[in-house]
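Novice: This is the content of input17.pdb (PDB, C-alpha atoms):
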ATOM      1  CA  MET A 121     -14.818 -52.472  -6.327
ATOM      2  CA  PRO A 122     -14.778 -55.359  -8.814
ATOM      3  CA  HIS A 123     -14.910 -58.904  -7.491
ATOM      4  CA  PRO A 124     -11.502 -60.579  -7.099
ATOM      5  CA  SER A 125     -12.349 -62.959  -9.956
ATOM      6  CA  ALA A 126     -12.918 -60.110 -12.413
ATOM      7  CA  PRO A 127     -10.281 -59.383 -15.082
ATOM      8  CA  LYS A 128      -7.421 -57.234 -13.780
ATOM      9  CA  ASN A 129      -5.361 -54.305 -15.045
ATOM     10  CA  ARG A 130      -8.037 -52.657 -17.132
ATOM     11  CA  GLU A 131      -8.476 -48.953 -17.624
ATOM     12  CA  SER A 132     -11.647 -47.868 -15.884
ATOM     13  CA  LEU A 133     -13.657 -44.676 -15.607
ATOM     14  CA  PRO A 134     -13.110 -43.001 -12.195
ATOM     15  CA  ALA A 135     -15.653 -43.817  -9.508
ATOM     16  CA  GLY A 136     -18.016 -41.207  -8.129
ATOM     17  CA  VAL A 137     -20.906 -39.222  -9.560
ATOM     18  CA  TRP A 138     -20.946 -38.343 -13.241
ATOM     19  CA  GLY A 139     -23.647 -35.742 -13.742
ATOM     20  CA  VAL A 140     -25.781 -36.236 -16.826
ATOM     21  CA  VAL A 141     -26.290 -32.716 -18.128
ATOM     22  CA  ALA A 142     -29.650 -31.398 -19.260
ATOM     23  CA  THR A 143     -29.823 -29.283 -22.409
ATOM     24  CA  PRO A 144     -31.713 -26.095 -21.497
ATOM     25  CA  PHE A 145     -34.041 -24.572 -24.085
ATOM     26  CA  GLN A 146     -35.617 -21.133 -24.051
ATOM     27  CA  GLY A 147     -38.701 -19.363 -25.341
ATOM     28  CA  SER A 148     -41.496 -20.552 -27.575
ATOM     29  CA  THR A 149     -38.998 -21.616 -30.238
ATOM     30  CA  LEU A 150     -37.064 -23.796 -27.771
ATOM     31  CA  ASP A 151     -33.672 -22.579 -28.906
ATOM     32  CA  VAL A 152     -30.714 -24.017 -26.999
ATOM     33  CA  ASP A 153     -29.919 -21.761 -24.029
ATOM     34  CA  LEU A 154     -26.139 -21.854 -23.925
ATOM     35  CA  ASP A 155     -25.920 -19.332 -21.074
ATOM     36  CA  SER A 156     -28.034 -21.551 -18.807
ATOM     37  CA  LEU A 157     -26.018 -24.559 -19.905
ATOM     38  CA  ALA A 158     -22.780 -22.856 -18.889
ATOM     39  CA  GLU A 159     -24.191 -21.951 -15.469
ATOM     40  CA  LEU A 160     -25.445 -25.493 -14.912
ATOM     41  CA  VAL A 161     -22.092 -27.008 -15.811
ATOM     42  CA  GLU A 162     -20.266 -24.572 -13.543
ATOM     43  CA  HIS A 163     -22.553 -25.647 -10.698
ATOM     44  CA  TYR A 164     -21.682 -29.302 -11.262
ATOM     45  CA  GLU A 165     -17.976 -28.520 -10.984
ATOM     46  CA  LYS A 166     -18.472 -26.343  -7.906
ATOM     47  CA  ILE A 167     -20.195 -29.120  -5.931
ATOM     48  CA  GLY A 168     -17.532 -31.742  -6.601
ATOM     49  CA  THR A 169     -18.875 -33.895  -9.410
ATOM     50  CA  THR A 170     -16.374 -36.476 -10.700
ATOM     51  CA  GLY A 171     -17.188 -35.784 -14.341
ATOM     52  CA  LEU A 172     -19.980 -34.924 -16.742
ATOM     53  CA  THR A 173     -21.954 -36.884 -19.300
ATOM     54  CA  VAL A 174     -23.092 -34.625 -22.123
ATOM     55  CA  LEU A 175     -25.548 -35.259 -24.967
ATOM     56  CA  GLY A 176     -27.118 -38.221 -23.240
ATOM     57  CA  VAL A 177     -30.782 -39.218 -23.177
ATOM     58  CA  PHE A 178     -31.493 -36.656 -20.446
ATOM     59  CA  GLY A 179     -29.664 -34.087 -22.573
ATOM     60  CA  GLU A 180     -32.266 -34.666 -25.313
ATOM     61  CA  ALA A 181     -29.453 -35.282 -27.779
ATOM     62  CA  ALA A 182     -31.810 -37.022 -30.207
ATOM     63  CA  ALA A 183     -33.776 -33.761 -30.489
ATOM     64  CA  LEU A 184     -30.697 -31.658 -31.346
ATOM     65  CA  THR A 185     -29.279 -30.848 -34.764
ATOM     66  CA  PRO A 186     -25.609 -31.683 -35.423
ATOM     67  CA  GLN A 187     -24.737 -27.988 -35.073
ATOM     68  CA  GLU A 188     -26.621 -27.753 -31.774
ATOM     69  CA  ARG A 189     -24.749 -30.769 -30.463
ATOM     70  CA  ARG A 190     -21.514 -29.074 -31.398
ATOM     71  CA  ASP A 191     -22.588 -25.833 -29.713
ATOM     72  CA  VAL A 192     -23.552 -27.704 -26.545
ATOM     73  CA  LEU A 193     -20.243 -29.542 -26.378
ATOM     74  CA  GLU A 194     -18.214 -26.405 -27.067
ATOM     75  CA  THR A 195     -20.055 -24.565 -24.290
ATOM     76  CA  VAL A 196     -19.460 -27.377 -21.806
ATOM     77  CA  ILE A 197     -15.759 -27.504 -22.633
ATOM     78  CA  GLU A 198     -15.442 -23.751 -22.173
ATOM     79  CA  SER A 199     -17.325 -23.832 -18.861
ATOM     80  CA  THR A 200     -15.622 -26.634 -16.934
ATOM     81  CA  THR A 201     -12.384 -28.532 -16.525
ATOM     82  CA  LEU A 202     -14.193 -31.743 -15.559
ATOM     83  CA  PRO A 203     -13.605 -34.905 -17.627
ATOM     84  CA  LEU A 204     -16.333 -35.623 -20.150
ATOM     85  CA  VAL A 205     -18.276 -38.582 -21.477
ATOM     86  CA  VAL A 206     -20.262 -37.772 -24.616
ATOM     87  CA  GLY A 207     -23.381 -39.701 -25.525
ATOM     88  CA  VAL A 208     -23.950 -41.327 -28.901
ATOM     89  CA  THR A 209     -27.576 -41.354 -30.027
ATOM     90  CA  ALA A 210     -27.356 -43.536 -33.127
ATOM     91  CA  LEU A 211     -27.833 -47.287 -32.829
ATOM     92  CA  ALA A 212     -26.514 -47.994 -36.325
ATOM     93  CA  THR A 213     -22.755 -48.205 -36.752
ATOM     94  CA  ARG A 214     -21.965 -45.646 -39.453
ATOM     95  CA  PRO A 215     -24.046 -42.823 -37.927
ATOM     96  CA  ALA A 216     -22.557 -43.652 -34.533
ATOM     97  CA  ILE A 217     -19.040 -43.319 -35.944
ATOM     98  CA  GLU A 218     -19.940 -39.922 -37.386
ATOM     99  CA  GLU A 219     -21.242 -38.772 -34.000
ATOM    100  CA  VAL A 220     -18.062 -39.924 -32.260
ATOM    101  CA  MET A 221     -15.838 -38.189 -34.810
ATOM    102  CA  ALA A 222     -17.816 -34.980 -34.425
ATOM    103  CA  ALA A 223     -17.389 -35.150 -30.639
ATOM    104  CA  GLN A 224     -13.668 -35.828 -30.966
ATOM    105  CA  GLU A 225     -13.256 -32.851 -33.284
ATOM    106  CA  VAL A 226     -14.701 -30.552 -30.630
ATOM    107  CA  ALA A 227     -13.531 -32.169 -27.397
ATOM    108  CA  GLY A 228     -10.121 -33.522 -28.335
ATOM    109  CA  PRO A 229      -8.223 -34.787 -25.272
ATOM    110  CA  ARG A 230     -11.046 -33.655 -22.960
ATOM    111  CA  LEU A 231     -13.063 -36.651 -24.135
ATOM    112  CA  SER A 232     -12.700 -39.470 -21.603
ATOM    113  CA  ALA A 233     -15.072 -41.786 -23.468
ATOM    114  CA  VAL A 234     -18.171 -41.962 -25.602
ATOM    115  CA  MET A 235     -21.309 -43.597 -24.249
ATOM    116  CA  VAL A 236     -22.713 -46.091 -26.731
ATOM    117  CA  GLN A 237     -25.939 -48.018 -26.251
ATOM    118  CA  ALA A 238     -26.195 -51.762 -26.681
ATOM    119  CA  ASN A 239     -27.931 -52.058 -30.053
ATOM    120  CA  SER A 240     -28.691 -55.788 -30.070
ATOM    121  CA  ALA A 241     -29.569 -58.577 -27.674
ATOM    122  CA  ARG A 242     -26.703 -60.627 -29.147
ATOM    123  CA  ALA A 243     -23.227 -60.178 -27.729
ATOM    124  CA  GLU A 244     -21.582 -60.808 -31.115
ATOM    125  CA  ALA A 245     -23.569 -58.044 -32.780
ATOM    126  CA  VAL A 246     -22.796 -55.492 -30.052
ATOM    127  CA  THR A 247     -19.129 -56.452 -30.054
ATOM    128  CA  SER A 248     -18.969 -56.033 -33.826
ATOM    129  CA  HIS A 249     -20.665 -52.632 -33.527
ATOM    130  CA  PHE A 250     -18.282 -51.464 -30.819
ATOM    131  CA  ASP A 251     -15.214 -52.823 -32.615
ATOM    132  CA  ALA A 252     -16.124 -50.901 -35.768
ATOM    133  CA  ILE A 253     -16.551 -47.690 -33.775
ATOM    134  CA  HIS A 254     -13.267 -48.166 -31.948
ATOM    135  CA  ARG A 255     -11.324 -49.054 -35.114
ATOM    136  CA  ALA A 256     -12.601 -45.946 -36.860
ATOM    137  CA  THR A 257     -12.162 -43.505 -33.977
ATOM    138  CA  GLY A 258      -9.920 -44.984 -31.295
ATOM    139  CA  ALA A 259     -12.449 -43.815 -28.691
ATOM    140  CA  LYS A 260     -12.860 -45.426 -25.287
ATOM    141  CA  VAL A 261     -16.433 -46.585 -24.676
ATOM    142  CA  VAL A 262     -18.962 -46.545 -21.845
ATOM    143  CA  LEU A 263     -21.465 -49.295 -22.593
ATOM    144  CA  GLN A 264     -24.994 -48.106 -21.851
ATOM    145  CA  ASP A 265     -27.711 -50.673 -21.209
ATOM    146  CA  TYR A 266     -30.902 -48.602 -21.241
ATOM    147  CA  PRO A 267     -33.721 -50.516 -22.916
ATOM    148  CA  LEU A 268     -36.289 -47.793 -22.233
ATOM    149  CA  ALA A 269     -34.350 -45.503 -24.577
ATOM    150  CA  SER A 270     -32.820 -47.965 -27.033
ATOM    151  CA  GLY A 271     -35.673 -50.442 -27.312
ATOM    152  CA  VAL A 272     -33.074 -53.212 -26.911
ATOM    153  CA  SER A 273     -33.056 -55.704 -24.031
ATOM    154  CA  ILE A 274     -29.746 -57.483 -23.755
ATOM    155  CA  PRO A 275     -29.184 -60.267 -21.200
ATOM    156  CA  THR A 276     -26.553 -59.596 -18.554
ATOM    157  CA  PRO A 277     -24.380 -62.560 -19.662
ATOM    158  CA  ALA A 278     -24.236 -60.969 -23.111
ATOM    159  CA  LEU A 279     -23.193 -57.654 -21.591
ATOM    160  CA  ILE A 280     -20.426 -59.427 -19.708
ATOM    161  CA  SER A 281     -19.228 -61.042 -22.932
ATOM    162  CA  VAL A 282     -19.097 -57.678 -24.696
ATOM    163  CA  VAL A 283     -17.131 -55.983 -21.917
ATOM    164  CA  ASN A 284     -14.640 -58.810 -21.643
ATOM    165  CA  ALA A 285     -14.189 -58.929 -25.421
ATOM    166  CA  CYS A 286     -13.641 -55.171 -25.783
ATOM    167  CA  ASP A 287     -10.716 -53.891 -23.741
ATOM    168  CA  TYR A 288     -11.535 -50.288 -24.734
ATOM    169  CA  VAL A 289     -14.821 -50.457 -22.800
ATOM    170  CA  ILE A 290     -13.949 -48.632 -19.584
ATOM    171  CA  ALA A 291     -17.338 -48.563 -17.833
ATOM    172  CA  VAL A 292     -20.884 -49.888 -17.939
ATOM    173  CA  LYS A 293     -23.962 -47.795 -17.268
ATOM    174  CA  ALA A 294     -26.556 -50.305 -16.096
ATOM    175  CA  GLU A 295     -30.128 -49.030 -16.448
ATOM    176  CA  ALA A 296     -32.108 -52.194 -17.081
ATOM    177  CA  PRO A 297     -34.215 -52.998 -13.990
ATOM    178  CA  PRO A 298     -33.591 -54.694 -11.650
ATOM    179  CA  THR A 299     -30.364 -52.739 -11.811
ATOM    180  CA  SER A 300     -28.869 -54.052  -8.579
ATOM    181  CA  VAL A 301     -29.117 -57.635  -9.857
ATOM    182  CA  ALA A 302     -27.376 -56.768 -13.126
ATOM    183  CA  ILE A 303     -24.729 -54.720 -11.331
ATOM    184  CA  ALA A 304     -23.939 -57.555  -8.920
ATOM    185  CA  ASP A 305     -23.471 -59.971 -11.823
ATOM    186  CA  LEU A 306     -21.368 -57.480 -13.788
ATOM    187  CA  ASN A 307     -19.267 -56.640 -10.754
ATOM    188  CA  ALA A 308     -18.370 -60.292 -10.308
ATOM    189  CA  ALA A 309     -17.311 -60.730 -13.924
ATOM    190  CA  VAL A 310     -15.808 -57.550 -15.387
ATOM    191  CA  GLY A 311     -12.930 -55.360 -14.298
ATOM    192  CA  VAL A 312     -14.357 -51.932 -15.075
ATOM    193  CA  SER A 313     -16.473 -49.364 -13.263
ATOM    194  CA  ILE A 314     -20.218 -49.931 -13.211
ATOM    195  CA  PHE A 315     -22.591 -47.031 -12.722
ATOM    196  CA  GLY A 316     -26.265 -46.877 -11.930
ATOM    197  CA  GLY A 317     -28.563 -44.342 -13.518
ATOM    198  CA  LEU A 318     -32.313 -43.774 -13.446
ATOM    199  CA  GLY A 319     -32.101 -40.624 -11.350
ATOM    200  CA  GLY A 320     -30.458 -42.368  -8.408
ATOM    201  CA  GLN A 321     -33.634 -44.286  -7.587
ATOM    202  CA  GLY A 322     -31.749 -47.511  -6.856
ATOM    203  CA  LEU A 323     -28.465 -45.956  -5.780
ATOM    204  CA  LEU A 324     -28.167 -47.512  -2.304
ATOM    205  CA  ASP A 325     -28.868 -51.024  -3.543
ATOM    206  CA  GLU A 326     -26.605 -50.457  -6.545
ATOM    207  CA  LEU A 327     -23.728 -49.431  -4.283
ATOM    208  CA  MET A 328     -24.258 -52.547  -2.176
ATOM    209  CA  ALA A 329     -24.191 -54.587  -5.396
ATOM    210  CA  GLY A 330     -20.799 -53.154  -6.331
ATOM    211  CA  ALA A 331     -21.554 -49.998  -8.318
ATOM    212  CA  SER A 332     -18.754 -47.454  -8.566
ATOM    213  CA  GLY A 333     -21.226 -44.598  -8.230
ATOM    214  CA  ALA A 334     -23.925 -42.971 -10.311
ATOM    215  CA  MET A 335     -24.071 -41.562 -13.811
ATOM    216  CA  THR A 336     -27.395 -39.806 -13.937
ATOM    217  CA  GLY A 337     -29.384 -36.607 -13.802
ATOM    218  CA  PHE A 338     -31.097 -35.362 -10.651
ATOM    219  CA  SER A 339     -32.093 -31.840  -9.679
ATOM    220  CA  TYR A 340     -30.081 -32.152  -6.434
ATOM    221  CA  PRO A 341     -26.851 -33.799  -7.596
ATOM    222  CA  GLU A 342     -25.314 -32.688  -4.287
ATOM    223  CA  ALA A 343     -27.274 -35.519  -2.656
ATOM    224  CA  LEU A 344     -25.862 -38.170  -4.975
ATOM    225  CA  ILE A 345     -22.330 -36.905  -4.413
ATOM    226  CA  ALA A 346     -22.776 -36.908  -0.629
ATOM    227  CA  CYS A 347     -24.256 -40.409  -0.724
ATOM    228  CA  VAL A 348     -21.431 -41.915  -2.780
ATOM    229  CA  LYS A 349     -18.746 -40.208  -0.694
ATOM    230  CA  ALA A 350     -20.416 -41.436   2.488
ATOM    231  CA  TRP A 351     -20.551 -44.956   1.077
ATOM    232  CA  GLN A 352     -16.854 -44.852   0.256
ATOM    233  CA  ASP A 353     -15.967 -43.538   3.723
ATOM    234  CA  GLY A 354     -18.521 -45.143   6.019
ATOM    235  CA  GLY A 355     -20.576 -47.786   4.238
ATOM    236  CA  TYR A 356     -24.318 -48.260   3.964
ATOM    237  CA  GLN A 357     -25.594 -46.494   7.065
ATOM    238  CA  ALA A 358     -23.625 -43.343   6.323
ATOM    239  CA  ALA A 359     -24.772 -43.362   2.693
ATOM    240  CA  GLU A 360     -28.398 -43.944   3.665
ATOM    241  CA  ARG A 361     -28.349 -40.990   6.051
ATOM    242  CA  GLU A 362     -27.145 -38.713   3.289
ATOM    243  CA  LEU A 363     -29.646 -39.851   0.657
ATOM    244  CA  GLN A 364     -32.752 -40.425   2.763
ATOM    245  CA  PRO A 365     -34.037 -36.802   2.848
ATOM    246  CA  TYR A 366     -33.966 -36.668  -0.946
ATOM    247  CA  LEU A 367     -35.634 -39.996  -1.696
ATOM    248  CA  PRO A 368     -39.157 -38.547  -2.071
ATOM    249  CA  LEU A 369     -37.864 -36.095  -4.694
ATOM    250  CA  ILE A 370     -35.882 -38.803  -6.490
ATOM    251  CA  ASN A 371     -39.015 -40.935  -6.669
ATOM    252  CA  PHE A 372     -41.100 -37.934  -7.787
ATOM    253  CA  GLU A 373     -38.710 -37.075 -10.610
ATOM    254  CA  GLN A 374     -38.671 -40.608 -11.968
ATOM    255  CA  GLN A 375     -42.352 -40.751 -12.926
ATOM    256  CA  ALA A 376     -42.821 -42.517 -16.236
ATOM    257  CA  LYS A 377     -43.404 -40.396 -19.357
ATOM    258  CA  VAL A 378     -42.935 -37.059 -17.586
ATOM    259  CA  ALA A 379     -39.610 -37.603 -15.790
ATOM    260  CA  LEU A 380     -37.643 -35.338 -18.119
ATOM    261  CA  ALA A 381     -40.089 -32.441 -17.845
ATOM    262  CA  ILE A 382     -40.314 -32.791 -14.065
ATOM    263  CA  ARG A 383     -36.569 -32.758 -13.599
ATOM    264  CA  LYS A 384     -36.065 -29.744 -15.831
ATOM    265  CA  GLU A 385     -38.816 -27.890 -13.966
ATOM    266  CA  CYS A 386     -37.074 -28.760 -10.697
ATOM    267  CA  LEU A 387     -33.810 -27.408 -12.106
ATOM    268  CA  ARG A 388     -35.628 -24.230 -13.109
ATOM    269  CA  GLU A 389     -37.111 -23.874  -9.628
ATOM    270  CA  ARG A 390     -33.583 -24.167  -8.242
ATOM    271  CA  ARG A 391     -32.533 -21.401 -10.684
ATOM    272  CA  LEU A 392     -29.944 -23.668 -12.232
ATOM    273  CA  ILE A 393     -31.553 -23.128 -15.645
ATOM    274  CA  LYS A 394     -33.808 -20.294 -16.809
ATOM    275  CA  ASP A 395     -36.483 -22.280 -18.669
ATOM    276  CA  SER A 396     -37.763 -25.851 -18.328
ATOM    277  CA  GLY A 397     -38.949 -26.402 -21.898
ATOM    278  CA  VAL A 398     -38.590 -29.834 -23.504
ATOM    279  CA  ARG A 399     -38.661 -30.728 -27.173
ATOM    280  CA  ALA A 400     -41.078 -33.198 -28.714
ATOM    281  CA  PRO A 401     -41.630 -36.081 -28.356
ATOM    282  CA  ALA A 402     -40.982 -35.441 -24.649
ATOM    283  CA  ALA A 403     -44.140 -34.732 -22.634
ATOM    284  CA  LEU A 404     -44.674 -31.345 -21.003
ATOM    285  CA  PHE A 405     -44.665 -30.788 -17.247
ATOM    286  CA  PRO A 406     -48.115 -31.611 -15.794
ATOM    287  CA  GLU A 407     -49.294 -28.575 -13.837
ATOM    288  CA  THR A 408     -51.326 -30.875 -11.581
ATOM    289  CA  LEU A 409     -47.996 -31.947 -10.049
ATOM    290  CA  ARG A 410     -46.824 -28.468  -9.110
ATOM    291  CA  ASP A 411     -47.979 -28.572  -5.495
ATOM    292  CA  SER A 412     -46.364 -31.970  -4.968
ATOM    293  CA  MET A 413     -43.177 -30.729  -6.548
ATOM    294  CA  ALA A 414     -43.103 -27.733  -4.210
ATOM    295  CA  VAL A 415     -43.337 -30.015  -1.164
ATOM    296  CA  HIS A 416     -40.513 -32.266  -2.334
ATOM    297  CA  LEU A 417     -38.278 -29.369  -3.346
ATOM    298  CA  LYS A 418     -38.781 -27.688   0.003
ATOM    299  CA  GLU A 419     -37.709 -30.867   1.817
ATOM    300  CA  ALA A 420     -34.656 -31.228  -0.394
ATOM    301  CA  ALA A 421     -33.686 -27.577   0.020
ATOM    302  CA  SER A 422     -33.938 -27.909   3.803
ATOM    303  CA  ALA A 423     -31.704 -30.974   3.750
ATOM    304  CA  LEU A 424     -29.129 -29.205   1.601
ATOM    305  CA  ASP A 425     -29.232 -26.096   3.777
ATOM    306  CA  ALA A 426     -28.565 -28.258   6.820
ATOM    307  CA  ARG A 427     -25.505 -29.807   5.148
ATOM    308  CA  VAL A 428     -24.171 -26.377   4.131
ATOM    309  CA  THR A 429     -24.674 -25.099   7.679
ATOM    310  CA  ILE A 430     -22.497 -27.839   9.124
ATOM    311  CA  GLY A 431     -19.897 -27.321   6.430
ATOM    312  CA  SER A 432     -20.391 -30.522   4.418
ATOM    313  CA  PHE A 433     -20.191 -28.607   1.143
TER     314      PHE A 433
END
So, in terms of structure tokens, how does the structure I just supplied come out?

Specialist:
Amino acid sequence: MPHPSAPKNRESLPAGVWGVVATPFQGSTLDVDLDSLAELVEHYEKIGTTGLTVLGVFGEAAALTPQERRDVLETVIESTTLPLVVGVTALATRPAIEEVMAAQEVAGPRLSAVMVQANSARAEAVTSHFDAIHRATGAKVVLQDYPLASGVSIPTPALISVVNACDYVIAVKAEAPPTSVAIADLNAAVGVSIFGGLGGQGLLDELMAGASGAMTGFSYPEALIACVKAWQDGGYQAAERELQPYLPLINFEQQAKVALAIRKECLRERRLIKDSGVRAPAALFPETLRDSMAVHLKEAASALDARVTIGSF
């Protein structure tokens, strides 16, 4: 929860786990596989996810045409009743506004917020960017700080200034390492939900720093959900017990340059999607990692089976 000194009475995105949805492709032409997408989304709802983030970085939104983005969003809406956050790829204001309007046209009232990346290191520039988007669309905003994707490194004090200047910002997704440091500072100064990302790699420390949960992709989202629920009910030790069996797989999936391909291959192995193809410029899955992946997936499957046996899901 936010620090007592943080601003009060602000709308905030619900705490929990917001699954960042992969966009499945199929065949040599890498067409969007809407059937697999529907099955994946249905799985997220079945396991108790708080909401979904669609067309994010993990969803390869930058590699989709405008029509494909529309098709993806329509399929998600038809496949789940969960609340939705829709990612905005553009860093420039006018293209970002067009993306938001396109999402609103499809999603309507199902759209909880749009996720917009910080596009400058200067608080004034980001605030101006966000204000223009909000004036044109009326959309609520999740501020995403993800320098690996945006190429922008913004200091935490600047992030705080943006959030406190923009009352339509209802959450922050903090993905600039060290995330737990940034989350602790944000938690003390803003009155909205703060979510970690990066595959859940820092989730325990982020929760201790005041995170409201996770907004990320992971091939075993059940583990993230169990961890956050355990944290809410029983604190650190309970959360650590839930997450610990999955930590080797979380670490494995987060390998630089190939993280996307690894995670999609893990999803395919779980039969949550039919094909693990990625679009350029994403790197392909390295076959040299297949044996390691099998070990980690077996451990994760055993942990999940144990939870199902005792009725935790």

Novice: For stretch 332-403 of chain A against stretch 412-418 of chain A, with a cut-off of 9 Å and counting only C-alpha atoms, what is the closest atom pair and its distance in Å to one decimal for every residue that makes the cut, ordered by chain and number, as CSV?

Specialist:
residue,atom,partner,partner_atom,distance
A:Tyr366,CA,A:His416,CA,8.0
A:Pro368,CA,A:His416,CA,6.4
A:Leu369,CA,A:His416,CA,5.2
A:Phe372,CA,A:Met413,CA,7.6
A:Glu373,CA,A:Met413,CA,8.8
A:Ile382,CA,A:Met413,CA,8.3
A:Cys386,CA,A:Leu417,CA,7.5
A:Glu389,CA,A:Leu417,CA,8.4
A:Arg390,CA,A:Leu417,CA,8.5

Novice: Compile a residue-level contact table for stretch 163-210 of chain A against stretch 336-348 of chain A at a cut-off of 12 Å, reporting for every qualifying residue the shortest atom pair and its distance in Å to one decimal, with all atoms listed in the file counted, rows ordered by chain and ascending number, as CSV.

Specialist:
residue,atom,partner,partner_atom,distance
A:His163,CA,A:Pro341,CA,9.7
A:Tyr164,CA,A:Pro341,CA,7.8
A:Glu165,CA,A:Glu342,CA,10.8
A:Lys166,CA,A:Glu342,CA,10.0
A:Ile167,CA,A:Glu342,CA,6.5
A:Gly168,CA,A:Ile345,CA,7.4
A:Thr169,CA,A:Ile345,CA,6.8
A:Thr170,CA,A:Ile345,CA,8.7
A:Gly171,CA,A:Thr336,CA,11.0
A:Leu172,CA,A:Thr336,CA,9.3
A:Thr173,CA,A:Thr336,CA,8.2
A:Val174,CA,A:Thr336,CA,10.6
A:Leu175,CA,A:Gly337,CA,11.9
A:Gly176,CA,A:Thr336,CA,9.4
A:Val177,CA,A:Gly337,CA,9.8
A:Phe178,CA,A:Gly337,CA,7.0
A:Gly179,CA,A:Gly337,CA,9.1
A:Val205,CA,A:Thr336,CA,11.9

Novice: Taking all atoms listed in the file into account, name the residue in A:Ala291, A:Leu318, A:Val398, A:Val246 that is nearest to A:Asp151.

Specialist: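 Counting all atoms listed in the file, the residue closest to A:Asp151 is A:Val398.
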
Novice: Atom CA of A:Gln352 and atom CA of A:Gly207, how far apart in Å?

Specialist: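 Computing the Euclidean distance for atom CA of A:Gly207 and atom CA of A:Gln352 yields 27.1 Å.
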
Novice: Can you measure atom CA of A:Leu150 to atom CA of A:Leu193 for me? One decimal in Å is fine.

Specialist: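 Answer for the atom CA of A:Leu150 to atom CA of A:Leu193 separation: 17.8 Å.
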
Novice: Residue by residue, what does the PyMOL selection byres ((chain A and resi 362) around 8) grab here? Present the result as a list in words.

Specialist: Ala343, Ala346, Cys347, Ala350, Ala358, Ala359, Glu360, Arg361, Leu363, Gln364 and Pro365 of chain A

Novice: Export, as a CSV table (one decimal), in the coordinates of the input, the selected residues with C-alpha atoms.

Specialist:
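Dumped to selection.csv:
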chain,number,residue,atom,x,y,z
A,343,ALA,CA,-27.3,-35.5,-2.7
A,346,ALA,CA,-22.8,-36.9,-0.6
A,347,CYS,CA,-24.3,-40.4,-0.7
A,350,ALA,CA,-20.4,-41.4,2.5
A,358,ALA,CA,-23.6,-43.3,6.3
A,359,ALA,CA,-24.8,-43.4,2.7
A,360,GLU,CA,-28.4,-43.9,3.7
A,361,ARG,CA,-28.3,-41.0,6.1
A,363,LEU,CA,-29.6,-39.9,0.7
A,364,GLN,CA,-32.8,-40.4,2.8
A,365,PRO,CA,-34.0,-36.8,2.8

Novice: Once the PyMOL selection byres ((chain A and resi 144) around 8) has been applied to the shown file, what residues remain in the selection, as a short mmCIF file (atom, residue, chain, number, x, y, z; two decimals) with C-alpha atoms, in the coordinates of the input?

Specialist:
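The result, stored in expr.cif:
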data_model
loop_
_atom_site.label_atom_id
_atom_site.label_comp_id
_atom_site.auth_asym_id
_atom_site.auth_seq_id
_atom_site.Cartn_x
_atom_site.Cartn_y
_atom_site.Cartn_z
CA ALA A 142 -29.65 -31.40 -19.26
CA THR A 143 -29.82 -29.28 -22.41
CA PHE A 145 -34.04 -24.57 -24.08
CA GLN A 146 -35.62 -21.13 -24.05
CA VAL A 152 -30.71 -24.02 -27.00
CA ASP A 153 -29.92 -21.76 -24.03
CA LEU A 154 -26.14 -21.85 -23.92
CA SER A 156 -28.03 -21.55 -18.81
CA LEU A 157 -26.02 -24.56 -19.90
CA ILE A 393 -31.55 -23.13 -15.64
CA LYS A 394 -33.81 -20.29 -16.81
CA ASP A 395 -36.48 -22.28 -18.67
CA SER A 396 -37.76 -25.85 -18.33
CA GLY A 397 -38.95 -26.40 -21.90
#

Novice: If I take atom CA of A:Ile303 and atom CA of A:Met235, how far is one from the other in Å, to one decimal?

Specialist: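 We find that atom CA of A:Ile303 and atom CA of A:Met235 lie 17.4 Å from each other.
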
Novice: Using all atoms listed in the file, which of A:Glu385, A:Asp305, A:Asp155, A:Glu180 sits nearest A:Val141?

Specialist: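 Ranked by minimum distance to A:Val141, first place goes to A:Glu180.
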
Novice: Measuring between all atoms listed in the file, which one of A:Val196, A:Gln237, A:Leu211, A:Leu380 shows the shortest distance to A:Ala223?

Specialist: A:Val196

Novice: So which one's closest to A:Ala227, A:Ala402, A:Ala212, A:Leu204, A:Val137? Using all atoms listed in the file, please.

Specialist: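 Residue with the minimum atom-to-atom distance to A:Ala227: A:Leu204.
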
Novice: Pull the neighbourhood of (-18.1, -52.3, -36.4) for me: all residues within 12 Å in file coordinates, counting only C-alpha atoms, as a list of chain:residue names.

Specialist: A:Leu211, A:Ala212, A:Thr213, A:Arg214, A:Pro215, A:Ala216, A:Ile217, A:Asn239, A:Glu244, A:Ala245, A:Val246, A:Thr247, A:Ser248, A:His249, A:Phe250, A:Asp251, A:Ala252, A:Ile253, A:His254, A:Arg255, A:Ala256, A:Thr257, A:Cys286

Novice: Report as a PyMOL selection string the full result of the PyMOL selection byres ((chain A and resi 322) around 10) when it is applied to this structure.

Specialist: chain A and resi 295+297-300+316-321+323-327+334+367+370-371

Novice: Excluding A:Val272 and its own-chain neighbours fewer than 2 positions away, which residues fall within 12 Å of it when counting all atoms listed in the file? Please give them as an MDAnalysis selection string.

Specialist: chainID A and resid 211 237:242 246 264:270 274:275 295:296

Novice: Mind writing the picked residues with C-alpha atoms as a compact mmCIF listing (two decimals), keeping the file's coordinate frame?

Specialist:
# COMPACT_ATOMS: atom_id res chain seq x y z
CA LEU A 211 -27.83 -47.29 -32.83
CA GLN A 237 -25.94 -48.02 -26.25
CA ALA A 238 -26.20 -51.76 -26.68
CA ASN A 239 -27.93 -52.06 -30.05
CA SER A 240 -28.69 -55.79 -30.07
CA ALA A 241 -29.57 -58.58 -27.67
CA ARG A 242 -26.70 -60.63 -29.15
CA VAL A 246 -22.80 -55.49 -30.05
CA GLN A 264 -24.99 -48.11 -21.85
CA ASP A 265 -27.71 -50.67 -21.21
CA TYR A 266 -30.90 -48.60 -21.24
CA PRO A 267 -33.72 -50.52 -22.92
CA LEU A 268 -36.29 -47.79 -22.23
CA ALA A 269 -34.35 -45.50 -24.58
CA SER A 270 -32.82 -47.96 -27.03
CA ILE A 274 -29.75 -57.48 -23.76
CA PRO A 275 -29.18 -60.27 -21.20
CA GLU A 295 -30.13 -49.03 -16.45
CA ALA A 296 -32.11 -52.19 -17.08
